[in-house]
file data.tsv (TSV, C-alpha atoms)
chain	number	residue	atom	x	y	z
A	1	MET	CA	0.00	0.00	0.00
A	2	ARG	CA	2.81	2.41	0.81
A	3	ALA	CA	4.59	1.48	-2.41
A	4	LEU	CA	1.46	2.51	-4.30
A	5	GLY	CA	1.56	5.87	-2.57
A	6	LEU	CA	5.22	6.36	-3.50
A	7	VAL	CA	4.63	5.45	-7.16
A	8	VAL	CA	1.73	7.90	-7.45
A	9	LEU	CA	3.83	10.57	-5.73
A	10	ALA	CA	6.69	9.99	-8.20
A	11	VAL	CA	4.37	10.26	-11.22
A	12	TRP	CA	2.54	13.32	-9.87
A	13	SER	CA	5.76	15.10	-8.89
A	14	GLY	CA	7.38	14.32	-12.24
A	15	ALA	CA	4.41	15.80	-14.08
A	16	ARG	CA	4.85	19.01	-12.05
A	17	GLY	CA	8.60	19.14	-12.57
A	18	LYS	CA	9.42	18.31	-8.95
A	19	ASP	CA	11.61	15.64	-7.41
A	20	ALA	CA	9.62	13.21	-5.26
A	21	TYR	CA	12.65	12.22	-3.18
A	22	THR	CA	13.32	15.87	-2.32
A	23	LEU	CA	9.73	16.25	-1.18
A	24	LEU	CA	10.19	13.26	1.12
A	25	THR	CA	13.57	14.18	2.59
A	26	ALA	CA	14.32	17.88	2.28
A	27	ARG	CA	11.30	20.01	3.07
A	28	TRP	CA	9.78	21.53	6.20
A	29	ASP	CA	10.44	19.53	9.39
A	30	ALA	CA	12.80	17.16	7.56
A	31	LEU	CA	15.19	20.07	7.06
A	32	TRP	CA	15.12	20.93	10.75
A	33	TYR	CA	15.89	17.34	11.72
A	34	THR	CA	18.83	17.07	9.31
A	35	ARG	CA	20.19	20.41	10.53
A	36	VAL	CA	20.13	19.10	14.12
A	37	ALA	CA	21.88	15.91	12.96
A	38	GLU	CA	24.57	17.88	11.15
A	39	LEU	CA	25.16	20.90	13.38
A	40	GLY	CA	23.51	20.06	16.70
A	41	TYR	CA	21.19	22.32	18.65
A	42	GLY	CA	21.32	26.09	18.85
A	43	TYR	CA	20.01	27.16	15.43
A	44	GLU	CA	17.01	29.50	15.33
A	45	VAL	CA	15.14	31.71	12.90
A	46	ARG	CA	13.68	35.07	13.93
A	47	LEU	CA	10.61	36.02	11.93
A	48	PRO	CA	9.50	39.59	11.11
A	49	ASN	CA	6.54	39.28	13.51
A	50	GLY	CA	8.89	38.54	16.41
A	51	ASP	CA	8.39	34.77	16.58
A	52	VAL	CA	11.52	32.71	17.20
A	53	HIS	CA	11.70	29.26	15.61
A	54	SER	CA	14.34	27.28	17.51
A	55	ASN	CA	15.47	23.78	16.59
A	56	LEU	CA	15.24	22.93	20.30
A	57	ALA	CA	11.57	22.24	19.57
A	58	PHE	CA	12.60	19.04	17.75
A	59	PHE	CA	13.26	16.01	19.92
A	60	PRO	CA	16.62	14.30	19.38
A	61	LEU	CA	16.13	10.60	18.63
A	62	LEU	CA	15.54	10.92	14.89
A	63	PRO	CA	18.54	13.28	14.38
A	64	TRP	CA	20.69	10.89	16.44
A	65	LEU	CA	19.70	8.01	14.18
A	66	GLU	CA	20.29	10.12	11.07
A	67	ARG	CA	23.78	10.89	12.35
A	68	LEU	CA	24.38	7.19	13.06
A	69	VAL	CA	23.34	6.15	9.54
A	70	ALA	CA	25.57	8.84	8.02
A	71	ALA	CA	28.48	7.72	10.20
A	72	VAL	CA	28.35	4.05	9.19
A	73	SER	CA	27.41	4.51	5.51
A	74	PRO	CA	28.03	6.86	2.58
A	75	LEU	CA	24.49	8.23	2.92
A	76	SER	CA	23.76	11.85	3.79
A	77	TYR	CA	21.79	12.94	6.84
A	78	ALA	CA	18.70	13.40	4.68
A	79	ASP	CA	19.17	9.91	3.22
A	80	GLY	CA	19.55	8.59	6.74
A	81	GLY	CA	16.26	10.17	7.73
A	82	PHE	CA	14.53	8.48	4.81
A	83	VAL	CA	16.06	5.09	5.67
A	84	VAL	CA	15.10	5.42	9.33
A	85	SER	CA	11.55	6.44	8.41
A	86	LEU	CA	11.23	3.57	5.92
A	87	LEU	CA	12.42	0.94	8.39
A	88	ALA	CA	10.45	2.50	11.24
A	89	SER	CA	7.25	2.41	9.18
A	90	LEU	CA	7.70	-1.34	8.74
A	91	ALA	CA	8.39	-1.75	12.46
A	92	ALA	CA	5.30	0.35	13.20
A	93	ALA	CA	3.15	-1.79	10.91
A	94	TRP	CA	4.45	-4.91	12.62
A	95	GLY	CA	3.79	-3.41	16.05
A	96	ILE	CA	0.24	-2.37	15.12
A	97	PHE	CA	-0.40	-5.90	13.85
A	98	ALA	CA	1.01	-7.38	17.06
A	99	VAL	CA	-1.28	-5.24	19.23
A	100	ALA	CA	-4.42	-5.88	17.17
A	101	ASP	CA	-3.62	-9.60	16.85
A	102	HIS	CA	-3.12	-9.89	20.60
A	103	VAL	CA	-6.48	-8.29	21.36
A	104	TYR	CA	-8.73	-9.24	18.42
A	105	GLY	CA	-6.98	-11.90	16.34
A	106	ARG	CA	-4.88	-12.10	13.19
A	107	ARG	CA	-7.50	-11.07	10.65
A	108	ALA	CA	-8.30	-7.87	12.51
A	109	GLY	CA	-4.55	-7.29	12.88
A	110	VAL	CA	-4.03	-7.42	9.12
A	111	PHE	CA	-6.82	-4.92	8.49
A	112	ALA	CA	-5.54	-2.61	11.22
A	113	VAL	CA	-2.18	-2.43	9.43
A	114	LEU	CA	-3.82	-1.87	6.04
A	115	LEU	CA	-5.98	0.93	7.38
A	116	TRP	CA	-2.97	2.63	8.97
A	117	ALA	CA	-1.11	2.37	5.66
A	118	VAL	CA	-3.92	3.97	3.63
A	119	LEU	CA	-4.72	6.90	5.89
A	120	PRO	CA	-5.07	10.10	3.82
A	121	VAL	CA	-1.85	11.41	5.38
A	122	GLY	CA	-0.12	8.04	5.11
A	123	ILE	CA	2.55	9.51	2.83
A	124	VAL	CA	4.13	10.96	6.01
A	125	GLN	CA	5.12	7.39	6.91
A	126	SER	CA	7.66	7.57	4.06
A	127	MET	CA	8.98	11.06	4.86
A	128	ALA	CA	12.07	11.92	6.91
A	129	TYR	CA	9.73	12.85	9.75
A	130	SER	CA	9.46	11.30	13.21
A	131	GLU	CA	5.89	9.97	13.02
A	132	SER	CA	6.84	6.48	11.82
A	133	LEU	CA	9.61	6.16	14.41
A	134	PHE	CA	7.33	7.32	17.19
A	135	THR	CA	4.47	5.03	16.13
A	136	ALA	CA	6.81	2.04	16.04
A	137	LEU	CA	8.11	2.72	19.55
A	138	ALA	CA	4.61	3.43	20.88
A	139	ALA	CA	3.06	0.32	19.33
A	140	TRP	CA	5.74	-2.01	20.66
A	141	SER	CA	5.66	-0.35	24.08
A	142	LEU	CA	1.91	-0.92	24.22
A	143	TYR	CA	2.38	-4.51	23.10
A	144	ALA	CA	4.93	-4.99	25.88
A	145	VAL	CA	2.39	-3.65	28.37
A	146	LEU	CA	-0.32	-5.95	27.03
A	147	THR	CA	1.96	-8.95	27.43
A	148	GLY	CA	3.36	-7.98	30.82
A	149	ARG	CA	6.90	-7.06	29.70
A	150	TRP	CA	7.17	-3.99	31.88
A	151	VAL	CA	10.87	-3.17	31.59
A	152	THR	CA	10.68	-3.40	27.81
A	153	ALA	CA	7.59	-1.19	27.86
A	154	GLY	CA	9.40	1.38	29.99
A	155	VAL	CA	12.50	1.46	27.78
A	156	LEU	CA	10.44	1.86	24.60
A	157	ALA	CA	8.29	4.54	26.25
A	158	ALA	CA	11.47	6.43	27.20
A	159	LEU	CA	12.67	6.24	23.58
A	160	ALA	CA	9.26	7.41	22.37
A	161	GLY	CA	9.63	10.34	24.76
A	162	LEU	CA	12.90	11.22	23.02
A	163	THR	CA	11.12	11.24	19.66
A	164	ARG	CA	8.10	13.53	19.98
A	165	PRO	CA	6.37	15.59	22.70
A	166	VAL	CA	3.38	13.26	22.43
A	167	GLY	CA	5.56	10.62	24.07
A	168	LEU	CA	3.56	11.68	27.12
A	169	ALA	CA	0.77	9.46	25.76
A	170	VAL	CA	2.94	6.33	25.94
A	171	VAL	CA	4.09	7.20	29.45
A	172	ALA	CA	0.47	7.70	30.52
A	173	ALA	CA	-0.48	4.31	29.06
A	174	VAL	CA	2.35	2.51	30.87
A	175	TRP	CA	1.61	4.20	34.18
A	176	THR	CA	-2.15	3.66	33.96
A	177	ALA	CA	-1.76	-0.02	33.13
A	178	ALA	CA	0.78	-0.50	35.93
A	179	ILE	CA	-1.43	1.21	38.51
A	180	ALA	CA	-4.39	-0.89	37.36
A	181	ALA	CA	-2.28	-4.01	37.80
A	182	PHE	CA	-1.31	-2.97	41.33
A	183	LEU	CA	-4.96	-2.36	42.18
A	184	ARG	CA	-5.95	-5.72	40.74
A	185	GLU	CA	-3.30	-7.47	42.83
A	186	ARG	CA	-4.51	-5.67	45.92
A	187	THR	CA	-8.07	-6.81	45.22
A	188	ARG	CA	-6.89	-10.39	44.83
A	189	GLU	CA	-4.96	-10.20	48.08
A	190	GLY	CA	-8.08	-8.92	49.81
A	191	THR	CA	-10.28	-11.72	48.43
A	192	PRO	CA	-8.05	-14.83	48.49
A	193	PHE	CA	-10.95	-17.24	48.01
A	194	ALA	CA	-12.51	-15.41	45.07
A	195	GLN	CA	-12.86	-17.54	41.99
A	196	HIS	CA	-12.20	-15.98	38.60
A	197	ARG	CA	-14.75	-17.32	36.18
A	198	SER	CA	-14.13	-17.66	32.45
A	199	THR	CA	-16.65	-15.15	31.27
A	200	ALA	CA	-16.41	-12.48	28.58
A	201	PRO	CA	-12.96	-10.89	28.45
A	202	ALA	CA	-12.72	-7.95	30.82
A	203	ASP	CA	-10.85	-5.87	28.27
A	204	GLY	CA	-13.65	-6.16	25.75
A	205	ALA	CA	-11.73	-8.19	23.18
A	206	ARG	CA	-14.36	-9.60	20.87
A	207	THR	CA	-14.17	-13.21	19.91
A	208	GLY	CA	-15.68	-15.47	17.31
A	209	GLU	CA	-18.03	-13.78	14.91
A	210	HIS	CA	-17.38	-10.29	16.29
A	211	SER	CA	-13.69	-10.12	15.44
A	212	GLY	CA	-13.48	-12.43	12.50
A	213	ALA	CA	-10.88	-14.47	14.40
A	214	SER	CA	-10.90	-18.21	14.69
A	215	ALA	CA	-11.09	-19.91	18.07
A	216	PRO	CA	-7.32	-20.34	18.54
A	217	ASP	CA	-6.83	-16.60	18.00
A	218	ARG	CA	-9.12	-15.43	20.77
A	219	ARG	CA	-7.52	-13.27	23.42
A	220	ALA	CA	-8.56	-12.58	27.01
A	221	PRO	CA	-6.07	-10.33	28.80
A	222	ALA	CA	-6.79	-8.58	32.07
A	223	PRO	CA	-8.45	-5.14	32.25
A	224	ASP	CA	-5.09	-3.34	32.24
A	225	GLY	CA	-4.04	-5.34	29.21
A	226	ALA	CA	-1.41	-7.48	30.89
A	227	PRO	CA	-2.06	-11.21	31.26
A	228	GLY	CA	-3.63	-12.21	34.51
A	229	ALA	CA	-0.84	-14.08	36.27
A	230	PRO	CA	-0.30	-15.10	39.88
A	231	TYR	CA	1.35	-12.51	42.07
A	232	LEU	CA	5.15	-12.68	41.99
A	233	PRO	CA	7.42	-10.23	43.86
A	234	ASP	CA	9.83	-9.93	40.94
A	235	ALA	CA	6.91	-9.13	38.61
A	236	ARG	CA	6.02	-6.19	40.83
A	237	LEU	CA	9.62	-5.00	40.78
A	238	ARG	CA	9.72	-5.18	36.99
A	239	ARG	CA	6.51	-3.18	36.83
A	240	ILE	CA	7.98	-0.51	39.12
A	241	ALA	CA	11.11	-0.44	36.96
A	242	GLY	CA	9.00	0.05	33.85
A	243	MET	CA	7.15	2.94	35.49
A	244	PHE	CA	10.46	4.52	36.50
A	245	LEU	CA	12.00	4.17	33.03
A	246	ALA	CA	9.00	5.34	30.97
A	247	PRO	CA	9.19	9.13	31.58
A	248	LEU	CA	12.99	9.43	31.52
A	249	GLY	CA	13.27	10.24	27.81
A	250	ALA	CA	10.79	13.09	27.63
A	251	ALA	CA	11.63	14.44	31.08
A	252	GLY	CA	15.35	14.31	30.38
A	253	TYR	CA	15.10	16.26	27.14
A	254	VAL	CA	12.67	18.85	28.50
A	255	LEU	CA	14.87	19.47	31.53
A	256	TRP	CA	17.96	19.70	29.33
A	257	VAL	CA	16.26	22.32	27.14
A	258	GLY	CA	15.29	24.29	30.23
A	259	HIS	CA	18.88	24.17	31.46
A	260	ARG	CA	20.28	25.17	28.07
A	261	THR	CA	17.92	28.11	27.65
A	262	GLY	CA	18.24	29.19	31.28
A	263	ASP	CA	14.47	29.26	31.67
A	264	GLY	CA	14.21	26.42	34.16
A	265	PRO	CA	12.10	23.25	33.99
A	266	LEU	CA	9.43	24.90	31.83
A	267	GLY	CA	11.88	26.35	29.31
A	268	TYR	CA	10.72	23.93	26.64
A	269	LEU	CA	7.26	25.51	26.76
A	270	ASP	CA	8.84	28.86	25.90
A	271	VAL	CA	10.58	27.24	22.93
A	272	GLN	CA	7.26	25.86	21.70
A	273	ALA	CA	5.62	29.23	22.26
A	274	GLY	CA	8.09	30.67	19.78
A	275	TRP	CA	6.50	28.37	17.21
A	276	ARG	CA	3.04	29.41	18.46
A	277	ASN	CA	2.55	25.90	19.78
A	278	GLY	CA	0.77	25.33	23.05
A	279	PHE	CA	-2.15	23.61	24.75
A	280	ASP	CA	-5.23	25.82	24.98
A	281	GLY	CA	-7.94	23.18	25.35
A	282	GLY	CA	-8.93	23.48	21.70
A	283	TYR	CA	-9.85	27.17	21.77
A	284	ALA	CA	-7.62	28.16	18.84
A	285	PHE	CA	-8.80	25.22	16.76
A	286	ALA	CA	-12.44	25.99	17.52
A	287	ARG	CA	-11.91	29.61	16.50
A	288	PHE	CA	-10.17	28.45	13.32
A	289	VAL	CA	-13.17	26.27	12.43
A	290	ALA	CA	-15.66	29.00	13.33
A	291	ASP	CA	-13.87	31.47	11.03
A	292	LYS	CA	-14.56	29.11	8.12
A	293	PHE	CA	-18.28	29.87	8.40
A	294	THR	CA	-17.87	33.57	7.64
A	295	SER	CA	-18.29	32.99	3.90
A	296	PHE	CA	-19.98	30.37	1.78
A	297	PRO	CA	-17.08	28.59	0.03
A	298	SER	CA	-15.03	28.27	3.21
A	299	ALA	CA	-18.14	27.19	5.13
A	300	LEU	CA	-17.96	23.87	3.30
A	301	ALA	CA	-14.46	23.37	4.65
A	302	GLY	CA	-15.69	24.26	8.13
A	303	LEU	CA	-18.48	21.73	7.83
A	304	GLY	CA	-16.00	19.11	6.69
A	305	LEU	CA	-13.80	19.83	9.70
A	306	LEU	CA	-16.74	19.49	12.07
A	307	ILE	CA	-17.75	16.20	10.49
A	308	GLY	CA	-14.16	14.94	10.68
A	309	VAL	CA	-13.78	15.81	14.35
A	310	GLY	CA	-17.18	14.30	15.08
A	311	LEU	CA	-16.25	11.04	13.36
A	312	LEU	CA	-12.95	10.96	15.23
A	313	LEU	CA	-14.68	11.36	18.59
A	314	ARG	CA	-17.26	8.79	17.54
A	315	LEU	CA	-14.48	6.29	16.84
A	316	TYR	CA	-13.08	6.82	20.31
A	317	VAL	CA	-16.50	6.26	21.86
A	318	VAL	CA	-16.78	3.00	19.93
A	319	CYS	CA	-13.34	1.99	21.22
A	320	VAL	CA	-14.60	2.55	24.76
A	321	ARG	CA	-17.82	0.65	24.12
A	322	GLN	CA	-15.87	-2.27	22.68
A	323	ARG	CA	-13.85	-2.19	25.89
A	324	GLN	CA	-10.41	-1.98	24.41
A	325	PRO	CA	-7.60	-2.62	26.90
A	326	LEU	CA	-7.06	0.32	29.19
A	327	PRO	CA	-3.55	1.25	27.93
A	328	LEU	CA	-4.85	1.51	24.35
A	329	LEU	CA	-7.71	3.77	25.42
A	330	VAL	CA	-5.42	6.01	27.47
A	331	TYR	CA	-2.82	6.23	24.70
A	332	ALA	CA	-5.33	7.00	21.94
A	333	GLY	CA	-7.16	9.47	24.15
A	334	VAL	CA	-4.04	11.45	25.03
A	335	VAL	CA	-2.78	11.52	21.42
A	336	THR	CA	-6.18	12.71	20.20
A	337	ALA	CA	-6.53	15.34	22.94
A	338	LEU	CA	-3.05	16.74	22.32
A	339	ALA	CA	-3.66	16.90	18.57
A	340	LEU	CA	-7.08	18.58	18.76
A	341	CYS	CA	-6.44	20.84	21.74
A	342	ALA	CA	-3.06	22.22	20.71
A	343	SER	CA	-2.74	25.67	19.17
A	344	SER	CA	-0.27	24.44	16.56
A	345	TYR	CA	-0.40	24.76	12.78
A	346	PHE	CA	-3.89	23.51	11.94
A	347	GLY	CA	-2.92	21.83	8.68
A	348	SER	CA	-0.68	19.47	10.63
A	349	LYS	CA	-3.42	18.06	12.85
A	350	PRO	CA	-4.15	15.02	10.62
A	351	ARG	CA	-0.44	14.20	10.73
A	352	LEU	CA	-0.37	14.58	14.51
A	353	LEU	CA	-3.20	12.02	14.72
A	354	LEU	CA	-1.26	9.46	12.68
A	355	PRO	CA	0.12	7.62	15.76
A	356	ALA	CA	-3.39	7.14	17.22
A	357	PHE	CA	-3.75	3.72	15.60
A	358	PRO	CA	-6.07	2.21	18.29
A	359	LEU	CA	-8.82	4.40	16.79
A	360	LEU	CA	-8.61	2.21	13.67
A	361	LEU	CA	-9.40	-1.01	15.50
A	362	PRO	CA	-13.22	-0.66	15.29
A	363	LEU	CA	-12.92	-0.17	11.52
A	364	ALA	CA	-10.54	-3.13	11.31
A	365	LEU	CA	-13.06	-5.28	13.14
A	366	ALA	CA	-15.80	-4.18	10.75
A	367	LEU	CA	-13.67	-5.12	7.73
A	368	ALA	CA	-12.72	-8.42	9.36
A	369	ARG	CA	-16.39	-9.39	9.42
A	370	LEU	CA	-16.76	-8.88	5.65
A	371	ARG	CA	-15.91	-11.42	3.01
A	372	THR	CA	-12.36	-11.12	1.78
A	373	ARG	CA	-13.32	-9.95	-1.72
A	374	ARG	CA	-15.53	-7.17	-0.40
A	375	SER	CA	-13.02	-6.00	2.19
A	376	ALA	CA	-10.26	-6.04	-0.44
A	377	LEU	CA	-12.35	-3.82	-2.71
A	378	VAL	CA	-12.95	-1.36	0.13
A	379	VAL	CA	-9.30	-1.18	1.16
A	380	GLY	CA	-8.14	-1.02	-2.46
A	381	ALA	CA	-10.43	1.90	-3.24
A	382	VAL	CA	-9.32	3.76	-0.12
A	383	ALA	CA	-5.66	3.06	-0.97
A	384	ALA	CA	-6.04	4.55	-4.44
A	385	ALA	CA	-7.75	7.66	-3.06
A	386	SER	CA	-5.12	7.98	-0.33
A	387	ALA	CA	-2.25	7.71	-2.82
A	388	VAL	CA	-3.72	10.48	-4.99
A	389	TYR	CA	-4.44	12.70	-2.00
A	390	GLY	CA	-0.96	12.15	-0.56
A	391	ALA	CA	0.69	13.14	-3.85
A	392	PHE	CA	-1.53	16.23	-4.11
A	393	TRP	CA	-0.89	17.16	-0.49
A	394	LEU	CA	2.87	16.77	-0.59
A	395	ASN	CA	3.12	18.80	-3.80
A	396	GLY	CA	1.28	21.68	-2.14
A	397	SER	CA	2.82	24.81	-0.69
A	398	GLY	CA	2.18	24.28	3.01
A	399	PRO	CA	3.92	21.83	5.32
A	400	PRO	CA	2.06	18.59	6.17
call {"tool": "encode", "arguments": {"input": "data.tsv", "output": "structure tokens"}}
result
Amino acid sequence: MRALGLVVLAVWSGARGKDAYTLLTARWDALWYTRVAELGYGYEVRLPNGDVHSNLAFFPLLPWLERLVAAVSPLSYADGGFVVSLLASLAAAWGIFAVADHVYGRRAGVFAVLLWAVLPVGIVQSMAYSESLFTALAAWSLYAVLTGRWVTAGVLAALAGLTRPVGLAVVAAVWTAAIAAFLRERTREGTPFAQHRSTAPADGARTGEHSGASAPDRRAPAPDGAPGAPYLPDARLRRIAGMFLAPLGAAGYVLWVGHRTGDGPLGYLDVQAGWRNGFDGGYAFARFVADKFTSFPSALAGLGLLIGVGLLLRLYVVCVRQRQPLPLLVYAGVVTALALCASSYFGSKPRLLLPAFPLLLPLALALARLRTRRSALVVGAVAAASAVYGAFWLNGSGPP
């Protein structure tokens, strides 16, 4: 599916006299990442209106990996960013499949990956941006939580926190699942003679005809997502270690930025303010949508935005009703809230929602219930539309 998007991008860009590879590796945020990889931090641009765009706004893991690729190969930093993004997108697809397969079965897992690949902004998965890298780390961290590998979950969450500010969502998922596990253990200790009956899965994982999975693929993890296992002291220690490790990446970078700028622990917020990024509860976005209704042509765009946000919130409600594992709900909820309620560049909001893959699981389940031919037609049609839109979008003037 991603190859289709790249082919369409190459044809579209060639027809417009542009180089598709340059669009993927040397525009907008990709340039900022490669500059960090090459020259380190400290570069900034002062705009006529007084805004200061500092490269301290960009988290360091992707530039570090770009520098590593350039050091061990003849590739440039921009080439390294493309290679990292390409490999990370495959790792992300694998991680999304692993999560969906664990909860709903293999068929739903395949469709979850396909849907993530054919998102309208899916072309970003092939750009020298950090979305693919972050999604890969987040997906595998969540999978580690679901399978009770707490130290692994904490390490991956820390790396996700070194990749994007939204790493907070992964930390929140790890912490919430760990606290839920502690509470569950405490309940068990308080009711030693309680019998756990084999009823419907507490996490809401659908089985049989609901998920399209066969009997061997049915999953029944505990409410926090981790398998229900007998209490073991070392298991509790590993969980505590995972909780300790999870926030180190994001916290470490934010504190380092505050120290470098001399503005204290909240110095990173000042850096983001220079980009006019912040969290205002969605006020700026709501005003942006409302302004669309001041004239007739733009009112259609405003209506489309309202419908899109409504469908997004509806998907999250369905996720809750289907009782997805708690860490998936927390992660998707935080990613969605940060994307919609931030005062950042509004055209980037679809891209910021790209890591929120648990929102695709209800759609994956719906496709899993269809016959293969019908579901293939649906996904194929969406893939073609996504490839065309991605080529149109990336050849536009504004950053994605």
call {"tool": "atom_distance", "arguments": {"input": "data.tsv", "atom1": "atom CA of Glu66 of chain A", "atom2": "atom CA of Ser343 of chain A"}}
result
28.9 Å
call {"tool": "closest_residue", "arguments": {"input": "data.tsv", "among": "A:Ala250, A:Leu56, A:Ala157, A:Leu306", "to": "Ala173 of chain A", "atoms": "all atoms listed in the file"}}
result
A:Ala157
call {"tool": "closest_residue", "arguments": {"input": "data.tsv", "among": "A:Ser85, A:Thr163, A:Ser141, A:Thr34", "to": "Ala251 of chain A", "atoms": "all atoms listed in the file"}}
result
A:Thr163
call {"tool": "closest_residue", "arguments": {"input": "data.tsv", "among": "A:Leu183, A:Val84, A:Val335, A:Ala273", "to": "Gly167 of chain A", "atoms": "only C-alpha atoms"}}
result
A:Val335
call {"tool": "atom_distance", "arguments": {"input": "data.tsv", "atom1": "atom CA of Trp94 of chain A", "atom2": "atom CA of Leu114 of chain A"}}
result
11.0 Å
call {"tool": "residues_around", "arguments": {"input": "data.tsv", "residues": "segment 95-100 of chain A", "least_positions_apart": "6", "cutoff": "9 Å", "atoms": "all atoms listed in the file", "output": "list in words"}}
result
Arg106, Arg107, Ala108, Gly109, Val110, Phe111, Ala112, Val113, Trp116, Thr135, Ala136, Leu137, Ala138, Ala139, Trp140, Ser141, Leu142, Tyr143, Leu146, Phe357, Pro358, Leu361 and Ala364 of chain A
call {"tool": "atom_distance", "arguments": {"input": "data.tsv", "atom1": "atom CA of Phe293 of chain A", "atom2": "atom CA of Val309 of chain A"}}
result
15.9 Å
call {"tool": "closest_residue", "arguments": {"input": "data.tsv", "among": "A:Arg46, A:Arg188, A:Arg164, A:Lys349", "to": "Tyr33 of chain A", "atoms": "all atoms listed in the file"}}
result
A:Arg164
call {"tool": "residues_around", "arguments": {"input": "data.tsv", "residues": "Ala57 of chain A", "least_positions_apart": "6", "cutoff": "8 Å", "atoms": "all atoms listed in the file", "output": "list in words"}}
result
Tyr268, Val271 and Gln272 of chain A
call {"tool": "closest_residue", "arguments": {"input": "data.tsv", "among": "A:Ala284, A:Val166, A:Ala92, A:Val121", "to": "Tyr389 of chain A", "atoms": "all atoms listed in the file"}}
result
A:Val121
call {"tool": "residues_around", "arguments": {"input": "data.tsv", "residues": "segment 374-383 of chain A", "least_positions_apart": "5", "cutoff": "10 Å", "atoms": "all atoms listed in the file", "output": "NGL selection string"}}
result
:A and (1-2 or 4-5 or 111 or 114-115 or 117-120 or 122 or 364 or 366-369 or 388-389)
call {"tool": "residues_near_point", "arguments": {"input": "data.tsv", "point": "(10.3, 5.3, 30.5)", "cutoff": "10 Å", "atoms": "only C-alpha atoms", "output": "PyMOL selection string"}}
result
chain A and resi 141+150-162+167-168+170-171+174-175+241-251
call {"tool": "closest_residue", "arguments": {"input": "data.tsv", "among": "A:Pro325, A:Gly396, A:Gly274, A:Gly347", "to": "Ala180 of chain A", "atoms": "all atoms listed in the file"}}
result
A:Pro325
